[in-house]
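The structure file target-v6.csv is reproduced below (CSV, C-alpha atoms and all ligand atoms).
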```csv
chain,number,residue,atom,x,y,z
A,21,MET,CA,-16.1,-5.1,18.6
A,22,TYR,CA,-16.2,-3.4,15.3
A,23,PRO,CA,-19.8,-2.8,14.2
A,24,ILE,CA,-18.7,-1.6,10.7
A,25,ALA,CA,-15.7,-2.9,9.0
A,26,THR,CA,-13.7,-0.3,7.1
A,27,VAL,CA,-11.1,-0.8,4.4
A,28,THR,CA,-8.0,1.4,4.4
A,29,VAL,CA,-6.1,1.4,1.1
A,30,LEU,CA,-2.6,2.7,1.4
A,31,ILE,CA,-1.3,4.5,-1.6
A,32,GLY,CA,2.4,5.4,-1.8
A,33,ALA,CA,5.5,5.0,-3.9
A,34,PRO,CA,8.1,2.4,-3.0
A,35,GLY,CA,9.9,3.8,0.1
A,36,ALA,CA,7.2,6.3,1.0
A,37,GLY,CA,6.7,4.6,4.4
A,38,LYS,CA,3.5,2.6,3.8
A,39,SER,CA,4.6,-0.5,5.8
A,40,THR,CA,5.7,1.7,8.7
A,41,VAL,CA,2.3,3.4,8.7
A,42,ALA,CA,0.7,0.0,8.4
A,43,ARG,CA,2.5,-1.2,11.5
A,44,SER,CA,0.8,1.6,13.5
A,45,LEU,CA,-2.6,0.6,12.1
A,46,ALA,CA,-1.9,-3.0,13.1
A,47,ALA,CA,-1.1,-1.8,16.6
A,48,ASP,CA,-4.6,-0.3,16.6
A,49,GLY,CA,-6.1,-3.7,15.9
A,50,ILE,CA,-6.5,-3.4,12.1
A,51,ALA,CA,-5.7,-6.4,10.1
A,52,VAL,CA,-3.0,-5.5,7.6
A,53,LEU,CA,-2.8,-7.3,4.3
A,54,SER,CA,0.6,-6.7,2.6
A,55,LEU,CA,1.1,-7.4,-1.1
A,56,ASP,CA,4.8,-7.8,-0.5
A,57,GLU,CA,4.2,-10.4,2.2
A,58,ALA,CA,1.7,-12.1,-0.1
A,59,ARG,CA,4.4,-12.2,-2.8
A,60,ALA,CA,6.7,-13.9,-0.3
A,61,ILE,CA,4.0,-16.4,0.6
A,62,ARG,CA,2.8,-17.2,-2.9
A,63,GLY,CA,6.2,-16.6,-4.7
A,64,GLU,CA,9.8,-16.7,-3.7
A,65,HIS,CA,10.3,-13.5,-1.9
A,66,GLU,CA,8.8,-10.0,-1.2
A,67,GLY,CA,10.1,-8.6,-4.5
A,68,ASP,CA,9.0,-11.6,-6.7
A,69,GLN,CA,7.0,-9.7,-9.3
A,70,ARG,CA,6.0,-13.0,-11.0
A,71,ALA,CA,4.0,-13.8,-8.0
A,72,THR,CA,2.0,-10.5,-8.3
A,73,PRO,CA,-1.2,-12.1,-9.7
A,74,ALA,CA,-1.2,-14.8,-7.0
A,75,ALA,CA,-0.4,-12.2,-4.3
A,76,PHE,CA,-3.4,-10.1,-5.4
A,77,ALA,CA,-5.7,-13.2,-5.2
A,78,TYR,CA,-4.3,-14.0,-1.8
A,79,VAL,CA,-5.0,-10.5,-0.5
A,80,ALA,CA,-8.5,-10.5,-2.1
A,81,GLN,CA,-9.3,-13.7,-0.3
A,82,HIS,CA,-8.2,-12.4,3.1
A,83,LEU,CA,-9.9,-9.1,2.5
A,84,HIS,CA,-13.1,-11.0,1.9
A,85,GLU,CA,-12.7,-13.1,5.0
A,86,ASN,CA,-11.9,-10.2,7.3
A,87,LEU,CA,-14.8,-8.2,6.0
A,88,ALA,CA,-17.2,-11.1,6.3
A,89,ALA,CA,-16.1,-11.2,10.0
A,90,ALA,CA,-16.6,-7.4,10.2
A,91,ARG,CA,-12.9,-6.9,11.0
A,92,PRO,CA,-11.3,-3.6,9.7
A,93,VAL,CA,-8.6,-4.1,7.2
A,94,ALA,CA,-5.7,-2.1,5.7
A,95,ILE,CA,-4.1,-3.0,2.4
A,96,ASP,CA,-0.4,-2.3,2.2
A,97,GLY,CA,0.6,-2.0,-1.5
A,98,THR,CA,1.6,0.9,-3.7
A,99,GLY,CA,-2.0,1.4,-4.8
A,100,ALA,CA,-0.6,3.3,-7.8
A,101,ARG,CA,-2.9,1.7,-10.3
A,102,ARG,CA,-6.5,2.6,-10.6
A,103,ARG,CA,-7.6,-0.9,-11.5
A,104,ASP,CA,-6.0,-2.2,-8.3
A,105,ARG,CA,-7.8,0.4,-6.1
A,106,VAL,CA,-11.0,-0.4,-7.9
A,107,ARG,CA,-10.6,-4.0,-7.2
A,108,TRP,CA,-10.4,-3.3,-3.4
A,109,LEU,CA,-13.3,-0.8,-3.6
A,110,ARG,CA,-15.5,-3.4,-5.3
A,111,LEU,CA,-14.8,-6.0,-2.6
A,112,ALA,CA,-15.4,-3.4,0.1
A,113,GLY,CA,-18.6,-2.5,-1.6
A,114,GLU,CA,-19.8,-6.1,-1.6
A,115,HIS,CA,-19.5,-6.1,2.2
A,116,GLY,CA,-21.0,-2.6,2.6
A,117,ALA,CA,-17.7,-1.4,4.0
A,118,PRO,CA,-16.6,2.2,3.5
A,119,ALA,CA,-13.1,2.7,2.1
A,120,THR,CA,-10.5,5.2,3.1
A,121,ALA,CA,-7.6,6.1,0.8
A,122,LEU,CA,-4.5,6.8,2.9
A,123,VAL,CA,-1.9,8.5,0.8
A,124,VAL,CA,1.6,8.1,2.3
A,125,TRP,CA,4.1,10.6,0.9
A,126,ALA,CA,7.8,11.3,1.2
A,127,PRO,CA,9.9,13.4,-1.1
A,128,LEU,CA,11.1,11.6,-4.2
A,129,ASP,CA,14.8,11.7,-3.3
A,130,VAL,CA,13.9,10.1,0.1
A,131,CYS,CA,12.0,7.3,-1.6
A,132,LEU,CA,14.9,6.7,-3.9
A,133,GLU,CA,17.4,6.7,-1.0
A,134,ARG,CA,15.3,4.2,1.0
A,135,ASN,CA,14.9,2.0,-2.1
A,136,ALA,CA,18.7,2.0,-2.7
A,137,ALA,CA,19.3,1.1,1.0
A,138,ARG,CA,17.2,-2.1,0.7
A,139,PRO,CA,18.4,-5.6,0.0
A,140,GLU,CA,18.9,-6.4,-3.6
A,141,HIS,CA,15.8,-8.5,-4.1
A,142,ARG,CA,13.7,-5.5,-2.9
A,143,HIS,CA,15.2,-3.0,-5.2
A,144,VAL,CA,12.6,-1.3,-7.5
A,145,PRO,CA,14.2,0.2,-10.6
A,146,GLU,CA,14.6,3.9,-10.1
A,147,HIS,CA,12.6,4.9,-13.2
A,148,VAL,CA,9.7,2.8,-11.7
A,149,VAL,CA,9.9,4.5,-8.3
A,150,THR,CA,10.0,7.9,-10.1
A,151,ARG,CA,7.0,7.0,-12.4
A,152,MET,CA,4.9,5.8,-9.5
A,153,TRP,CA,5.9,8.7,-7.3
A,154,ASN,CA,4.7,11.1,-10.1
A,155,THR,CA,1.5,9.2,-10.7
A,156,ILE,CA,0.6,9.2,-7.0
A,157,ASP,CA,1.7,12.9,-6.6
A,158,GLY,CA,-0.9,13.7,-9.2
A,159,LEU,CA,-3.8,11.9,-7.5
A,160,GLY,CA,-6.2,14.5,-6.2
A,161,ASP,CA,-8.7,13.9,-3.4
A,162,ASP,CA,-11.6,14.5,-5.9
A,163,GLU,CA,-10.3,11.7,-8.2
A,164,LEU,CA,-10.1,9.3,-5.3
A,165,VAL,CA,-13.5,10.2,-4.1
A,166,ASP,CA,-14.9,9.8,-7.6
A,167,GLU,CA,-13.4,6.3,-7.6
A,168,GLY,CA,-15.4,5.4,-4.6
A,169,PHE,CA,-13.4,6.3,-1.5
A,170,SER,CA,-15.5,7.7,1.4
A,171,ARG,CA,-12.5,9.7,2.6
A,172,VAL,CA,-9.0,10.6,1.8
A,173,ASP,CA,-6.2,11.0,4.4
A,174,ARG,CA,-2.7,12.0,3.7
A,175,VAL,CA,0.4,11.4,5.8
A,176,THR,CA,3.9,12.6,5.2
A,177,THR,CA,6.7,10.5,6.7
A,178,ALA,CA,9.0,12.6,8.9
A,179,LEU,CA,11.8,14.3,7.0
A,180,ALA,CA,14.4,15.0,9.6
A,181,GLN,CA,14.6,11.4,10.6
A,182,ASP,CA,14.2,10.1,7.1
A,183,LEU,CA,17.2,12.0,5.8
A,184,GLY,CA,19.6,10.4,8.2
A,185,ASP,CA,18.0,6.9,8.6
A,186,ASP,CA,18.9,4.1,6.2
A,187,ALA,CA,17.9,1.4,8.5
A,188,GLU,CA,15.1,-1.0,7.4
B,201,LIG,N1,8.4,8.3,9.4
B,201,LIG,C1,9.6,7.8,9.2
B,201,LIG,N2,10.7,8.2,9.7
B,201,LIG,C2,11.8,7.7,9.5
B,201,LIG,N3,12.0,6.6,8.7
B,201,LIG,C3,11.0,6.1,8.1
B,201,LIG,C4,9.7,6.6,8.3
B,201,LIG,N4,8.8,5.9,7.6
B,201,LIG,C5,9.5,5.0,7.0
B,201,LIG,N5,10.8,5.1,7.3
B,201,LIG,C6,11.9,4.2,6.8
B,201,LIG,O1,11.9,4.2,5.4
B,201,LIG,C7,12.1,2.9,4.9
B,201,LIG,C8,11.0,2.5,4.0
B,201,LIG,O2,9.8,2.5,4.7
B,201,LIG,P1,8.7,1.4,4.4
B,201,LIG,O3,9.2,0.1,4.4
B,201,LIG,O4,7.6,1.7,5.4
B,201,LIG,O5,8.2,1.9,3.0
B,201,LIG,P2,7.1,1.3,2.0
B,201,LIG,O6,6.4,2.5,1.5
B,201,LIG,O7,6.4,0.2,2.7
B,201,LIG,O8,8.0,0.8,0.8
B,201,LIG,P3,7.7,-0.4,-0.2
B,201,LIG,O9,6.6,0.1,-1.1
B,201,LIG,O10,8.9,-0.7,-0.9
B,201,LIG,O11,7.2,-1.6,0.6
B,201,LIG,C9,12.3,2.0,6.1
B,201,LIG,O12,13.7,1.9,6.3
B,201,LIG,C10,11.7,2.8,7.2
B,201,LIG,O13,12.3,2.5,8.4
B,202,MG,MG,6.3,-1.7,2.3
```
Whole structure given in C-alpha cells:
Amino acid sequence: MYPIATVTVLIGAPGAGKSTVARSLAADGIAVLSLDEARAIRGEHEGDQRATPAAFAYVAQHLHENLAAARPVAIDGTGARRRDRVRWLRLAGEHGAPATALVVWAPLDVCLERNAARPEHRHVPEHVVTRMWNTIDGLGDDELVDEGFSRVDRVTTALAQDLGDDAE
C-alpha cells in the first residue's frame, strides 16, 4: 500500500498541539509513536520522566518494525533536542526512508495555558515549556534540512479556538 515508508518527526513545545496533529495523521493511516504513551507503557504514567530512556528505546524499536514493513510513521514527542531528532533520522536512513520535520506551533502563552490546564502528573514546569518553546522557535528550515530532513512543514494550531478551550 505504501511503496516508500516516510518518517514524520513532530517538533513542538508542550501544549503546542502535537498530539492533536498526530491524531489527524493517524486518521490518514500513519502509525503514530508517542513518547508520552511509551512513558506510560514503560513507566508509571505519561509524565514519568524517569521512564524517558526506556520510552525512547520502545519508540525506536517500533519505528524500526514499522519501517521494516514499509509503513509510514510519525513520532509524537517534543523533538526539541537535536540528538533525539538525529536518532530518528539515523533510523530512517537505515531503512532508506525520507524524513519530514513537522513543526507544530502555538503562541507561548497558549502553550503555557494548555499546560496549566492539564492533570498534575502531566504538568511541565513553566520554565521548561518556555525554554523549549524558544529553542523550537529558533529552529530554521535550513538547520533542519542540514540535520537530514528531506522537508520541513509548519502548522500553527488555531488561535481563536485555542484561547477559549481548556479541554483536553
Ligand atoms: N488546533 C487546536 N485548536 C484548539 N485546541 C487545540 C488545538 N490543538 C490542540 N488543542 C488543545 O490544546 C491542548 C494541548 O494539545 P496537545 O495535547 O495536542 O498538545 P501536545 O503538543 O501534544 O502537548 P504535549 O507536548 O504536552 O504532549 C489540548 O487540550 C488540545 O485539545
Ligand atoms: Mg502530546
Taking into account all atoms listed in the file, which residue in the set A:Gly49, A:Gly97, A:Pro118, A:Gly67 is nearest to ligand MG 202 (chain B)?
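Counting all atoms listed in the file, the residue closest to ligand MG 202 (chain B) is A:Gly97.
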Measure the distance from CA of Arg105 (chain A) to CA of Thr155 (chain A) in Å and round it to one decimal.
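So the answer is 13.6 Å.
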Proximity to ligand MG 202 (chain B) - best of A:Ile95, A:Val165, A:Ile50, A:Leu109, all atoms listed in the file:
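Ranked by minimum distance to ligand MG 202 (chain B), first place goes to A:Ile95.
Nearest residue to ligand LIG 201 (chain B) among A:Glu114, A:Asp173, A:Glu146, A:Asp96 is A:Asp96, counting all atoms listed in the file.
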Restricting the calculation to all atoms listed in the file, which member of A:Glu133, A:Arg142, A:Val106, A:Val148 is positioned closest to ligand MG 202 (chain B)?
A:Arg142
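The smallest atom-to-atom distance between ligand LIG 201 (chain B) and any of A:Thr72, A:Asn154, A:Asn135, A:Ser44, using all atoms listed in the file, is found for A:Asn135.
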